[in-house]
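Undergrad: Sharing a structure here in C-alpha coordinates format.
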2 protein chains.
Amino acid sequence: MARGSAETKERIVQAAARLLARDGHRAVGINAVAEEAGTDKVLIYRYFGGLPGLLGTVARSHPLWPSADALVRSAPSLEHALHVALLETGRAIRERAVARELLVWELAERNEVTAELAAVRERETEALIAALRSRFPVPQFLDLPALYALLSSALAYLALRATGGDGDRTFTLAPSTEPDWRRIERATAATVRAVVGVMGDCLGPGAGGWGAGGCG
Amino acid sequence: MARGSAETKERIVQAAARLLARDGHRAVGINAVAEEAGTDKVLIYRYFGGLPGLLGTVARSHPLWPSADALVRSAPSLEHALHVALLETGRAIRERAVARELLVWELAERNEVTAELAAVRERETEALIAALRSRFPVPQFLDLPALYALLSSALAYLALRATGGDGDRTFTLAPSTEPDWRRIERATAATVRAVVGVMGDCLGPGAGGWGAGGCG
DNA sequence: TGCCGATGTCACCGGCCGGTGACATATTTT
DNA sequence: AAAATATGTCACCGGCCGGTGACATCGGCA
(Lines give C-alpha, C1' and ligand atoms only; values in the text may rest on other atoms or scores of the structure.)
Protein backbone atom coordinates (compact mmCIF):
# COMPACT_ATOMS: atom_id res chain seq x y z
CA MET A 1 0.00 0.00 0.00
CA ALA A 2 1.20 3.49 -0.89
CA ARG A 3 2.59 5.47 1.97
CA GLY A 4 2.15 9.09 2.90
CA SER A 5 -0.50 10.65 5.02
CA ALA A 6 -1.72 13.09 2.36
CA GLU A 7 -2.53 10.41 -0.18
CA THR A 8 -4.10 8.17 2.41
CA LYS A 9 -6.21 10.99 3.78
CA GLU A 10 -7.43 11.80 0.31
CA ARG A 11 -8.21 8.16 -0.40
CA ILE A 12 -10.26 7.98 2.78
CA VAL A 13 -12.20 11.15 1.99
CA GLN A 14 -12.94 9.92 -1.52
CA ALA A 15 -14.00 6.55 -0.20
CA ALA A 16 -16.39 8.16 2.28
CA ALA A 17 -17.94 10.33 -0.43
CA ARG A 18 -18.25 7.35 -2.76
CA LEU A 19 -19.85 5.28 -0.04
CA LEU A 20 -22.20 8.13 0.83
CA ALA A 21 -23.30 8.50 -2.78
CA ARG A 22 -23.61 4.81 -3.48
CA ASP A 23 -25.06 3.36 -0.29
CA GLY A 24 -26.45 6.30 1.67
CA HIS A 25 -25.39 7.91 4.87
CA ARG A 26 -26.50 5.00 7.02
CA ALA A 27 -23.93 2.81 5.35
CA VAL A 28 -21.13 5.18 6.27
CA GLY A 29 -19.38 3.56 9.20
CA ILE A 30 -15.82 3.18 10.34
CA ASN A 31 -15.47 -0.32 9.02
CA ALA A 32 -17.20 0.35 5.71
CA VAL A 33 -15.15 3.46 4.95
CA ALA A 34 -11.92 1.72 5.84
CA GLU A 35 -12.71 -1.20 3.58
CA GLU A 36 -13.85 1.07 0.75
CA ALA A 37 -10.60 3.02 1.03
CA GLY A 38 -8.59 -0.17 1.10
CA THR A 39 -6.94 0.89 4.30
CA ASP A 40 -7.31 0.36 8.02
CA LYS A 41 -9.90 1.99 10.21
CA VAL A 42 -7.39 3.00 12.81
CA LEU A 43 -6.06 5.56 10.34
CA ILE A 44 -9.44 7.29 10.33
CA TYR A 45 -9.15 7.78 14.05
CA ARG A 46 -5.56 8.94 13.72
CA TYR A 47 -6.11 11.39 10.86
CA PHE A 48 -9.64 12.66 11.43
CA GLY A 49 -10.29 11.88 15.07
CA GLY A 50 -13.21 9.67 14.08
CA LEU A 51 -16.20 9.66 11.76
CA PRO A 52 -17.52 13.17 12.54
CA GLY A 53 -14.20 14.72 11.65
CA LEU A 54 -13.99 12.75 8.43
CA LEU A 55 -17.53 13.56 7.37
CA GLY A 56 -16.97 17.22 8.16
CA THR A 57 -14.11 17.15 5.67
CA VAL A 58 -16.31 15.41 3.13
CA ALA A 59 -19.07 17.99 3.56
CA ARG A 60 -16.67 20.90 3.13
CA SER A 61 -15.48 19.43 -0.17
CA HIS A 62 -19.03 19.03 -1.52
CA PRO A 63 -20.94 22.35 -1.43
CA LEU A 64 -24.63 21.91 -1.97
CA TRP A 65 -25.33 24.46 -4.67
CA PRO A 66 -23.48 27.11 -6.68
CA SER A 67 -23.20 30.72 -5.59
CA ALA A 68 -26.22 32.92 -6.15
CA ASP A 69 -24.46 36.11 -7.22
CA ALA A 70 -24.02 35.34 -10.89
CA LEU A 71 -27.54 34.02 -10.98
CA VAL A 72 -29.10 37.16 -9.60
CA ARG A 73 -26.98 39.49 -11.71
CA SER A 74 -28.00 37.88 -14.97
CA ALA A 75 -31.72 37.63 -14.27
CA PRO A 76 -33.98 40.23 -15.92
CA SER A 77 -36.72 40.12 -13.28
CA LEU A 78 -37.58 38.85 -9.83
CA GLU A 79 -39.81 36.23 -11.34
CA HIS A 80 -37.05 35.00 -13.61
CA ALA A 81 -34.45 35.00 -10.87
CA LEU A 82 -36.68 33.00 -8.55
CA HIS A 83 -37.56 30.61 -11.31
CA VAL A 84 -33.96 29.88 -12.23
CA ALA A 85 -32.78 29.71 -8.63
CA LEU A 86 -35.44 27.18 -7.70
CA LEU A 87 -34.89 25.00 -10.73
CA GLU A 88 -31.13 24.98 -10.28
CA THR A 89 -31.51 24.10 -6.65
CA GLY A 90 -33.76 21.21 -7.53
CA ARG A 91 -31.46 19.91 -10.22
CA ALA A 92 -28.38 20.29 -8.03
CA ILE A 93 -29.92 18.16 -5.33
CA ARG A 94 -31.57 15.67 -7.65
CA GLU A 95 -28.50 14.94 -9.71
CA ARG A 96 -25.84 14.67 -7.04
CA ALA A 97 -26.13 11.82 -4.65
CA VAL A 98 -23.66 13.30 -2.18
CA ALA A 99 -25.66 16.50 -1.87
CA ARG A 100 -28.82 14.46 -1.46
CA GLU A 101 -27.39 12.34 1.28
CA LEU A 102 -26.02 15.32 3.15
CA LEU A 103 -29.45 16.95 3.09
CA VAL A 104 -31.17 13.78 4.25
CA TRP A 105 -28.60 13.44 6.94
CA GLU A 106 -29.54 16.87 8.17
CA LEU A 107 -33.13 15.75 8.47
CA ALA A 108 -32.39 12.46 10.12
CA GLU A 109 -29.86 13.47 12.73
CA ARG A 110 -28.75 16.35 14.88
CA ASN A 111 -25.06 16.51 15.56
CA GLU A 112 -22.08 18.79 15.10
CA VAL A 113 -21.68 17.95 11.45
CA THR A 114 -25.27 18.53 10.43
CA ALA A 115 -25.38 21.72 12.48
CA GLU A 116 -22.46 23.04 10.47
CA LEU A 117 -24.05 21.97 7.21
CA ALA A 118 -27.22 23.83 8.11
CA ALA A 119 -25.29 26.93 9.10
CA VAL A 120 -23.43 27.06 5.79
CA ARG A 121 -26.63 26.55 3.84
CA GLU A 122 -28.47 29.20 5.79
CA ARG A 123 -25.78 31.77 5.11
CA GLU A 124 -26.03 31.07 1.39
CA THR A 125 -29.81 31.38 1.43
CA GLU A 126 -29.70 34.69 3.28
CA ALA A 127 -27.19 35.99 0.79
CA LEU A 128 -29.44 35.01 -2.09
CA ILE A 129 -32.50 36.70 -0.62
CA ALA A 130 -30.52 39.81 0.21
CA ALA A 131 -29.23 39.88 -3.35
CA LEU A 132 -32.74 39.53 -4.71
CA ARG A 133 -33.96 42.34 -2.49
CA SER A 134 -31.17 44.69 -3.49
CA ARG A 135 -31.49 43.90 -7.18
CA PHE A 136 -35.27 43.91 -7.63
CA PRO A 137 -38.08 45.85 -5.98
CA VAL A 138 -40.14 43.38 -3.96
CA PRO A 139 -43.85 44.20 -3.72
CA GLN A 140 -44.95 44.93 -0.19
CA PHE A 141 -47.65 42.30 -0.26
CA LEU A 142 -45.10 39.60 -1.04
CA ASP A 143 -43.47 37.68 1.80
CA LEU A 144 -40.43 36.82 -0.27
CA PRO A 145 -38.60 34.72 2.35
CA ALA A 146 -41.74 32.67 2.98
CA LEU A 147 -42.35 32.12 -0.72
CA TYR A 148 -38.74 31.22 -1.33
CA ALA A 149 -38.69 28.87 1.65
CA LEU A 150 -41.89 27.25 0.50
CA LEU A 151 -40.79 26.55 -3.05
CA SER A 152 -37.21 25.68 -2.18
CA SER A 153 -38.52 23.19 0.31
CA ALA A 154 -40.80 21.74 -2.33
CA LEU A 155 -37.98 21.26 -4.81
CA ALA A 156 -35.67 19.94 -2.11
CA TYR A 157 -38.14 17.38 -0.89
CA LEU A 158 -39.07 16.18 -4.34
CA ALA A 159 -35.42 16.01 -5.35
CA LEU A 160 -34.69 13.96 -2.26
CA ARG A 161 -37.38 11.54 -3.36
CA ALA A 162 -35.83 11.12 -6.80
CA THR A 163 -33.47 8.40 -5.67
CA GLY A 164 -35.15 5.06 -6.12
CA GLY A 165 -36.43 3.35 -9.22
CA ASP A 166 -38.87 4.96 -11.60
CA GLY A 167 -41.71 3.20 -9.87
CA ASP A 168 -41.15 5.16 -6.67
CA ARG A 169 -43.89 7.72 -6.42
CA THR A 170 -44.21 10.75 -4.19
CA PHE A 171 -47.61 12.33 -3.93
CA THR A 172 -48.53 10.43 -7.11
CA LEU A 173 -45.54 11.71 -9.08
CA ALA A 174 -42.30 9.90 -9.88
CA PRO A 175 -39.59 12.54 -9.44
CA SER A 176 -36.87 10.19 -10.63
CA THR A 177 -38.33 10.14 -14.12
CA GLU A 178 -37.51 13.02 -16.41
CA PRO A 179 -41.08 13.62 -17.63
CA ASP A 180 -42.48 13.91 -14.13
CA TRP A 181 -39.59 16.10 -13.05
CA ARG A 182 -40.43 18.39 -15.97
CA ARG A 183 -43.98 18.55 -14.71
CA ILE A 184 -42.65 19.60 -11.34
CA GLU A 185 -40.50 22.26 -12.94
CA ARG A 186 -43.41 23.55 -14.97
CA ALA A 187 -45.59 23.66 -11.88
CA THR A 188 -42.84 25.60 -10.13
CA ALA A 189 -42.56 28.07 -12.97
CA ALA A 190 -46.30 28.52 -13.16
CA THR A 191 -46.51 29.02 -9.42
CA VAL A 192 -43.79 31.66 -9.40
CA ARG A 193 -45.48 33.37 -12.32
CA ALA A 194 -48.87 33.25 -10.66
CA VAL A 195 -47.67 34.57 -7.32
CA VAL A 196 -45.04 37.08 -8.36
CA GLY A 197 -46.12 37.94 -11.87
CA VAL A 198 -49.88 37.75 -11.93
CA MET A 199 -50.47 38.97 -8.42
CA GLY A 200 -47.95 41.70 -8.96
CA ASP A 201 -49.92 42.80 -11.99
CA CYS A 202 -53.37 42.45 -10.49
CA LEU A 203 -52.75 43.75 -7.00
CA GLY A 204 -51.22 47.01 -6.00
CA PRO A 205 -49.31 47.18 -2.73
CA GLY A 206 -52.36 48.71 -1.09
CA ALA A 207 -54.96 46.37 -2.55
CA GLY A 208 -55.37 44.16 0.46
CA GLY A 209 -51.99 42.56 0.90
CA TRP A 210 -50.55 39.10 0.65
CA GLY A 211 -53.32 37.56 2.67
CA ALA A 212 -56.29 39.11 0.93
CA GLY A 213 -58.46 38.17 -2.01
CA GLY A 214 -57.41 37.40 -5.53
CA CYS A 215 -57.69 39.01 -8.91
CA GLY A 216 -61.35 38.62 -9.67
CA MET B 1 -47.99 -11.24 31.28
CA ALA B 2 -51.52 -10.76 29.96
CA ARG B 3 -52.57 -13.23 27.33
CA GLY B 4 -54.53 -12.76 24.15
CA SER B 5 -53.21 -11.88 20.74
CA ALA B 6 -55.30 -8.72 20.37
CA GLU B 7 -53.97 -7.08 23.50
CA THR B 8 -50.41 -8.10 22.76
CA LYS B 9 -50.62 -6.86 19.21
CA GLU B 10 -51.89 -3.53 20.43
CA ARG B 11 -49.14 -3.28 23.04
CA ILE B 12 -46.53 -3.94 20.37
CA VAL B 13 -47.93 -1.33 18.01
CA GLN B 14 -48.09 1.24 20.80
CA ALA B 15 -44.54 0.42 21.84
CA ALA B 16 -43.25 0.87 18.32
CA ALA B 17 -44.98 4.23 17.97
CA ARG B 18 -43.69 5.35 21.36
CA LEU B 19 -40.17 4.31 20.50
CA LEU B 20 -40.39 6.03 17.15
CA ALA B 21 -41.60 9.28 18.68
CA ARG B 22 -39.19 9.25 21.59
CA ASP B 23 -35.95 7.97 20.11
CA GLY B 24 -36.31 8.35 16.36
CA HIS B 25 -36.47 5.83 13.58
CA ARG B 26 -32.88 4.71 14.03
CA ALA B 27 -33.79 3.27 17.39
CA VAL B 28 -36.61 1.12 16.06
CA GLY B 29 -35.44 -2.47 15.85
CA ILE B 30 -36.84 -5.85 16.67
CA ASN B 31 -35.10 -6.06 20.01
CA ALA B 32 -35.89 -2.49 21.06
CA VAL B 33 -39.58 -2.77 20.20
CA ALA B 34 -39.91 -6.09 22.02
CA GLU B 35 -38.29 -4.67 25.13
CA GLU B 36 -40.39 -1.51 25.00
CA ALA B 37 -43.52 -3.61 24.70
CA GLY B 38 -42.43 -5.84 27.55
CA THR B 39 -42.86 -8.90 25.38
CA ASP B 40 -40.78 -11.17 23.23
CA LYS B 41 -39.54 -10.36 19.76
CA VAL B 42 -40.68 -13.65 18.37
CA LEU B 43 -44.27 -12.43 18.73
CA ILE B 44 -43.51 -9.59 16.33
CA TYR B 45 -42.54 -12.14 13.72
CA ARG B 46 -45.59 -14.25 14.47
CA TYR B 47 -48.15 -11.46 14.45
CA PHE B 48 -46.72 -9.00 11.94
CA GLY B 49 -44.32 -11.10 9.94
CA GLY B 50 -41.46 -8.83 10.99
CA LEU B 51 -40.65 -5.15 11.30
CA PRO B 52 -42.05 -4.06 7.91
CA GLY B 53 -45.44 -5.49 8.74
CA LEU B 54 -45.43 -3.92 12.17
CA LEU B 55 -44.41 -0.51 10.88
CA GLY B 56 -47.03 -0.74 8.18
CA THR B 57 -49.61 -1.18 10.91
CA VAL B 58 -48.12 1.74 12.80
CA ALA B 59 -48.29 3.90 9.70
CA ARG B 60 -51.89 2.96 9.08
CA SER B 61 -52.77 3.94 12.64
CA HIS B 62 -51.02 7.28 12.22
CA PRO B 63 -52.33 8.72 8.96
CA LEU B 64 -50.54 11.79 7.78
CA TRP B 65 -53.73 13.60 6.96
CA PRO B 66 -57.40 13.11 7.66
CA SER B 67 -59.50 10.98 5.36
CA ALA B 68 -60.05 12.56 2.00
CA ASP B 69 -63.78 12.05 1.94
CA ALA B 70 -64.84 14.31 4.80
CA LEU B 71 -62.41 16.98 3.69
CA VAL B 72 -63.53 17.04 0.10
CA ARG B 73 -67.22 16.81 0.92
CA SER B 74 -67.17 19.84 3.21
CA ALA B 75 -65.07 22.10 0.99
CA PRO B 76 -66.94 24.67 -1.10
CA SER B 77 -64.33 24.90 -3.84
CA LEU B 78 -61.19 23.31 -5.22
CA GLU B 79 -59.13 26.19 -3.89
CA HIS B 80 -60.58 25.77 -0.43
CA ALA B 81 -60.15 22.00 -0.43
CA LEU B 82 -56.52 22.28 -1.48
CA HIS B 83 -55.89 24.98 1.06
CA VAL B 84 -57.31 22.96 3.94
CA ALA B 85 -55.70 19.71 2.83
CA LEU B 86 -52.26 21.29 2.62
CA LEU B 87 -52.48 23.09 5.93
CA GLU B 88 -53.76 20.03 7.72
CA THR B 89 -51.01 17.96 6.19
CA GLY B 90 -48.40 20.41 7.42
CA ARG B 91 -49.83 20.56 10.91
CA ALA B 92 -50.24 16.81 11.09
CA ILE B 93 -46.59 16.27 10.29
CA ARG B 94 -45.26 19.16 12.34
CA GLU B 95 -47.11 18.30 15.51
CA ARG B 96 -46.73 14.53 15.58
CA ALA B 97 -43.33 13.04 16.09
CA VAL B 98 -44.44 9.65 14.81
CA ALA B 99 -45.52 11.04 11.46
CA ARG B 100 -42.32 13.03 11.21
CA GLU B 101 -40.10 10.08 11.91
CA LEU B 102 -41.94 7.86 9.44
CA LEU B 103 -41.48 10.46 6.73
CA VAL B 104 -37.80 10.99 7.50
CA TRP B 105 -37.32 7.27 7.54
CA GLU B 106 -38.75 7.07 4.05
CA LEU B 107 -36.21 9.63 2.90
CA ALA B 108 -33.28 8.08 4.67
CA GLU B 109 -33.60 4.47 3.70
CA ARG B 110 -34.92 2.12 1.08
CA ASN B 111 -35.99 -1.20 2.47
CA GLU B 112 -39.11 -3.26 3.00
CA VAL B 113 -40.14 -1.10 5.93
CA THR B 114 -40.07 2.19 4.06
CA ALA B 115 -41.49 0.58 0.94
CA GLU B 116 -44.48 -0.43 2.99
CA LEU B 117 -44.76 3.08 4.44
CA ALA B 118 -44.58 4.69 1.02
CA ALA B 119 -47.19 2.33 -0.36
CA VAL B 120 -49.64 3.22 2.40
CA ARG B 121 -49.08 6.93 1.89
CA GLU B 122 -49.34 6.79 -1.87
CA ARG B 123 -52.66 5.03 -1.74
CA GLU B 124 -54.03 7.76 0.53
CA THR B 125 -52.73 10.50 -1.75
CA GLU B 126 -54.24 8.93 -4.83
CA ALA B 127 -57.57 8.67 -3.05
CA LEU B 128 -57.44 12.34 -2.14
CA ILE B 129 -56.68 13.49 -5.65
CA ALA B 130 -59.33 11.21 -7.11
CA ALA B 131 -61.84 12.64 -4.64
CA LEU B 132 -60.87 16.17 -5.62
CA ARG B 133 -61.25 15.35 -9.29
CA SER B 134 -64.64 13.77 -8.84
CA ARG B 135 -65.96 16.56 -6.65
CA PHE B 136 -64.65 19.66 -8.44
CA PRO B 137 -64.07 20.47 -12.08
CA VAL B 138 -60.34 20.87 -12.59
CA PRO B 139 -59.35 23.41 -15.25
CA GLN B 140 -57.55 21.82 -18.15
CA PHE B 141 -54.55 24.11 -17.82
CA LEU B 142 -53.98 22.97 -14.25
CA ASP B 143 -51.68 20.02 -13.57
CA LEU B 144 -53.37 19.21 -10.30
CA PRO B 145 -51.15 16.28 -9.28
CA ALA B 146 -48.04 18.35 -9.90
CA LEU B 147 -49.35 21.32 -7.96
CA TYR B 148 -50.47 19.12 -5.12
CA ALA B 149 -47.16 17.27 -5.05
CA LEU B 150 -45.25 20.54 -5.10
CA LEU B 151 -47.07 22.15 -2.22
CA SER B 152 -47.44 19.00 -0.17
CA SER B 153 -43.72 18.49 -0.50
CA ALA B 154 -43.11 22.05 0.62
CA LEU B 155 -45.22 21.65 3.73
CA ALA B 156 -43.76 18.23 4.43
CA TYR B 157 -40.17 19.40 4.21
CA LEU B 158 -40.74 22.47 6.32
CA ALA B 159 -42.65 20.45 8.88
CA LEU B 160 -39.80 17.96 9.02
CA ARG B 161 -37.46 20.82 9.83
CA ALA B 162 -39.63 21.97 12.72
CA THR B 163 -38.05 19.56 15.17
CA GLY B 164 -35.10 21.31 16.74
CA GLY B 165 -34.94 24.47 18.79
CA ASP B 166 -36.39 27.76 17.70
CA GLY B 167 -32.98 28.82 16.48
CA ASP B 168 -32.99 26.18 13.76
CA ARG B 169 -33.66 27.93 10.50
CA THR B 170 -34.58 26.52 7.12
CA PHE B 171 -34.26 28.79 4.11
CA THR B 172 -34.18 31.75 6.57
CA LEU B 173 -37.38 30.70 8.33
CA ALA B 174 -37.77 28.96 11.68
CA PRO B 175 -40.58 26.45 11.13
CA SER B 176 -40.59 25.39 14.77
CA THR B 177 -41.81 28.81 15.84
CA GLU B 178 -45.49 29.54 15.55
CA PRO B 179 -45.13 32.99 13.89
CA ASP B 180 -42.92 31.68 11.13
CA TRP B 181 -45.15 28.68 10.63
CA ARG B 182 -48.06 31.07 10.19
CA ARG B 183 -46.07 32.86 7.51
CA ILE B 184 -45.59 29.55 5.77
CA GLU B 185 -49.29 28.83 5.98
CA ARG B 186 -50.16 32.27 4.62
CA ALA B 187 -47.71 31.80 1.76
CA THR B 188 -49.32 28.45 1.02
CA ALA B 189 -52.79 29.94 1.01
CA ALA B 190 -51.73 32.81 -1.20
CA THR B 191 -50.01 30.43 -3.60
CA VAL B 192 -53.06 28.21 -3.92
CA ARG B 193 -55.20 31.26 -4.46
CA ALA B 194 -52.84 32.67 -7.04
CA VAL B 195 -52.52 29.46 -9.02
CA VAL B 196 -56.01 28.00 -8.75
CA GLY B 197 -58.11 31.06 -8.04
CA VAL B 198 -56.48 33.91 -9.90
CA MET B 199 -55.32 31.91 -12.87
CA GLY B 200 -58.64 30.18 -13.02
CA ASP B 201 -60.31 33.56 -13.21
CA CYS B 202 -57.92 35.14 -15.64
CA LEU B 203 -57.31 32.23 -17.98
CA GLY B 204 -59.83 30.16 -19.79
CA PRO B 205 -58.98 26.55 -20.54
CA GLY B 206 -58.01 27.55 -24.04
CA ALA B 207 -55.99 30.62 -23.17
CA GLY B 208 -52.56 29.10 -23.51
CA GLY B 209 -52.44 26.43 -20.88
CA TRP B 210 -50.56 25.84 -17.69
CA GLY B 211 -47.22 26.71 -19.20
CA ALA B 212 -48.18 29.93 -20.92
CA GLY B 213 -48.22 33.57 -19.94
CA GLY B 214 -49.91 35.20 -17.00
CA CYS B 215 -52.80 37.54 -16.45
CA GLY B 216 -51.36 40.79 -17.76
C1' DT C 1 -60.42 -36.60 30.54
C1' DG C 2 -56.87 -36.08 26.97
C1' DC C 3 -55.57 -33.70 23.04
C1' DC C 4 -54.02 -29.84 20.30
C1' DG C 5 -53.44 -25.32 18.63
C1' DA C 6 -52.54 -20.69 20.20
C1' DT C 7 -49.76 -17.92 22.97
C1' DG C 8 -45.73 -16.61 25.50
C1' DT C 9 -40.64 -17.42 27.44
C1' DC C 10 -35.93 -18.51 27.06
C1' DA C 11 -31.46 -19.45 25.25
C1' DC C 12 -28.69 -19.46 21.64
C1' DC C 13 -26.53 -18.52 16.90
C1' DG C 14 -23.67 -16.03 13.38
C1' DG C 15 -22.54 -11.54 12.02
C1' DC C 16 -21.49 -6.86 12.04
C1' DC C 17 -20.49 -2.84 14.81
C1' DG C 18 -17.14 0.68 16.99
C1' DG C 19 -13.03 0.73 19.33
C1' DT C 20 -8.16 -0.46 20.90
C1' DG C 21 -3.68 -2.57 21.89
C1' DA C 22 0.33 -4.81 19.96
C1' DC C 23 3.20 -5.02 16.40
C1' DA C 24 5.69 -4.29 11.62
C1' DT C 25 7.72 -1.26 8.41
C1' DA C 26 9.12 3.05 6.46
C1' DT C 27 10.93 7.82 7.03
C1' DT C 28 13.12 11.35 9.37
C1' DT C 29 16.06 13.10 12.90
C1' DT C 30 19.96 12.93 15.94
C1' DA D 1 24.33 4.15 12.46
C1' DA D 2 20.96 4.48 15.96
C1' DA D 3 17.08 6.37 17.83
C1' DA D 4 12.66 8.42 17.33
C1' DT D 5 8.71 9.23 14.86
C1' DA D 6 5.31 8.47 11.27
C1' DT D 7 2.68 5.27 8.86
C1' DG D 8 0.34 0.95 8.06
C1' DT D 9 -1.30 -4.09 9.46
C1' DC D 10 -3.40 -7.42 12.29
C1' DA D 11 -6.00 -9.57 15.83
C1' DC D 12 -8.94 -9.12 19.28
C1' DC D 13 -12.66 -7.28 22.54
C1' DG D 14 -17.49 -6.45 24.33
C1' DG D 15 -21.88 -5.38 22.68
C1' DC D 16 -25.81 -5.14 19.98
C1' DC D 17 -28.20 -6.79 15.94
C1' DG D 18 -31.78 -9.84 13.49
C1' DG D 19 -33.30 -14.34 13.50
C1' DT D 20 -34.65 -19.16 15.10
C1' DG D 21 -35.34 -23.53 17.56
C1' DA D 22 -36.88 -25.66 21.85
C1' DC D 23 -39.89 -25.52 25.34
C1' DA D 24 -43.63 -23.96 28.88
C1' DT D 25 -48.32 -22.66 29.59
C1' DC D 26 -52.94 -21.58 28.65
C1' DG D 27 -57.68 -22.32 26.51
C1' DG D 28 -60.98 -24.60 24.04
C1' DC D 29 -62.71 -28.85 22.06
C1' DA D 30 -63.62 -33.81 21.20
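Residues are referred to by chain and number: the chain letter is A, B, ... according to the order shown in the C-alpha coordinates, the number counts from 1 in that chain, and ligands are numbered separately from 1 in the order shown.
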Please report, as a PyMOL selection string, each residue of range 12-125 of chain A to which DSSP assigns helix (DSSP H, G or I) when run on this structure's backbone.
TA: chain A and resi 12-23+25-27+30-37+41-48+51-60+69-74+78-95+97-108+112-125
Undergrad: Pull the closest atom pair for each residue of range 50-75 of chain A that gets at most 9 Å from range 98-104 of chain A, along with the distance in Å to one decimal, counting only C-alpha atoms, ordering rows by chain and then ascending residue number, as JSON lines.
TA:
```
{"residue": "A:Ala59", "atom": "CA", "partner": "A:Leu102", "partner_atom": "CA", "distance": 7.5}
{"residue": "A:His62", "atom": "CA", "partner": "A:Ala99", "partner_atom": "CA", "distance": 7.1}
{"residue": "A:Pro63", "atom": "CA", "partner": "A:Ala99", "partner_atom": "CA", "distance": 7.5}
{"residue": "A:Leu64", "atom": "CA", "partner": "A:Ala99", "partner_atom": "CA", "distance": 5.5}
{"residue": "A:Trp65", "atom": "CA", "partner": "A:Ala99", "partner_atom": "CA", "distance": 8.4}
```
Undergrad: Quick one: distance from CA of Leu71 in chain B to CA of Arg121 in chain B in Å, one decimal?
TA: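 Taking CA of Leu71 in chain B and CA of Arg121 in chain B, their separation equals 16.8 Å.
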Undergrad: Please determine the contact residues of chain B with respect to chain A at a cut-off of 6 Å, counting only C-alpha atoms, and supply them as a list of chain:residue names.
TA: B:Thr125, B:Ala146, B:Leu147, B:Ala149, B:Leu150, B:Ser153, B:Ala154, B:Tyr157, B:Phe171, B:Ile184, B:Ala187, B:Ala194, B:Val195, B:Val198, B:Gly214, B:Cys215
Undergrad: On all C-alpha atoms matched in order, how well does chain A superpose onto chain B? Give the RMSD in Å.
TA: 1.9 Å
Undergrad: Mind dumping a table of every chain C residue within 8 Å of chain B, with the nearest atom pair and its distance in Å to one decimal, using only C-alpha atoms (C1' of nucleotides), sorted by chain and rising number, as JSON lines?
TA:
```
{"residue": "C:DT7", "atom": "C1'", "partner": "B:Arg3", "partner_atom": "CA", "distance": 7.0}
{"residue": "C:DG8", "atom": "C1'", "partner": "B:Asp40", "partner_atom": "CA", "distance": 7.7}
{"residue": "C:DT9", "atom": "C1'", "partner": "B:Asp40", "partner_atom": "CA", "distance": 7.5}
```
Undergrad: Kindly provide the residues of chain B that approach chain D to within 10 Å, each paired with its closest atom pair and their distance in Å to one decimal, based on only C-alpha atoms (C1' of nucleotides), listed by chain and increasing number, as a tab-separated table.
TA:
```
residue	atom	partner	partner_atom	distance
B:Arg3	CA	D:DC26	C1'	8.5
B:Gly29	CA	D:DC17	C1'	8.4
B:Ile30	CA	D:DG18	C1'	7.2
B:Asn31	CA	D:DC17	C1'	8.0
B:Lys41	CA	D:DG19	C1'	9.7
B:Val42	CA	D:DT20	C1'	8.8
B:Tyr45	CA	D:DG19	C1'	9.5
```
Undergrad: Output N, CA and C atoms for every residue in that selection, as a short mmCIF file (atom, residue, chain, number, x, y, z; two decimals), in the first residue's frame.
TA:
```
data_model
loop_
_atom_site.label_atom_id
_atom_site.label_comp_id
_atom_site.auth_asym_id
_atom_site.auth_seq_id
_atom_site.Cartn_x
_atom_site.Cartn_y
_atom_site.Cartn_z
N ARG B 3 -52.48 -12.40 28.52
CA ARG B 3 -52.57 -13.23 27.33
C ARG B 3 -53.57 -12.66 26.34
N GLY B 29 -35.89 -1.16 16.30
CA GLY B 29 -35.44 -2.47 15.85
C GLY B 29 -36.26 -3.53 16.55
N ILE B 30 -36.09 -4.75 16.08
CA ILE B 30 -36.84 -5.85 16.67
C ILE B 30 -36.64 -5.93 18.18
N ASN B 31 -35.39 -5.91 18.59
CA ASN B 31 -35.10 -6.06 20.01
C ASN B 31 -35.64 -4.90 20.83
N LYS B 41 -39.61 -10.76 21.16
CA LYS B 41 -39.54 -10.36 19.76
C LYS B 41 -40.14 -11.39 18.82
N VAL B 42 -40.16 -12.63 19.26
CA VAL B 42 -40.68 -13.65 18.37
C VAL B 42 -42.16 -13.40 18.05
N TYR B 45 -42.59 -11.34 14.95
CA TYR B 45 -42.54 -12.14 13.72
C TYR B 45 -43.86 -12.88 13.52
#
```
Undergrad: Would you mind reading off the distance between CA of Pro179 in chain A and CA of Ile93 in chain A, one decimal, in Å?
TA: 17.2 Å
Undergrad: For CA of Ala131 in chain B and CA of Glu88 in chain B, quote the distance in Å rounded to one decimal.
TA: 16.5 Å
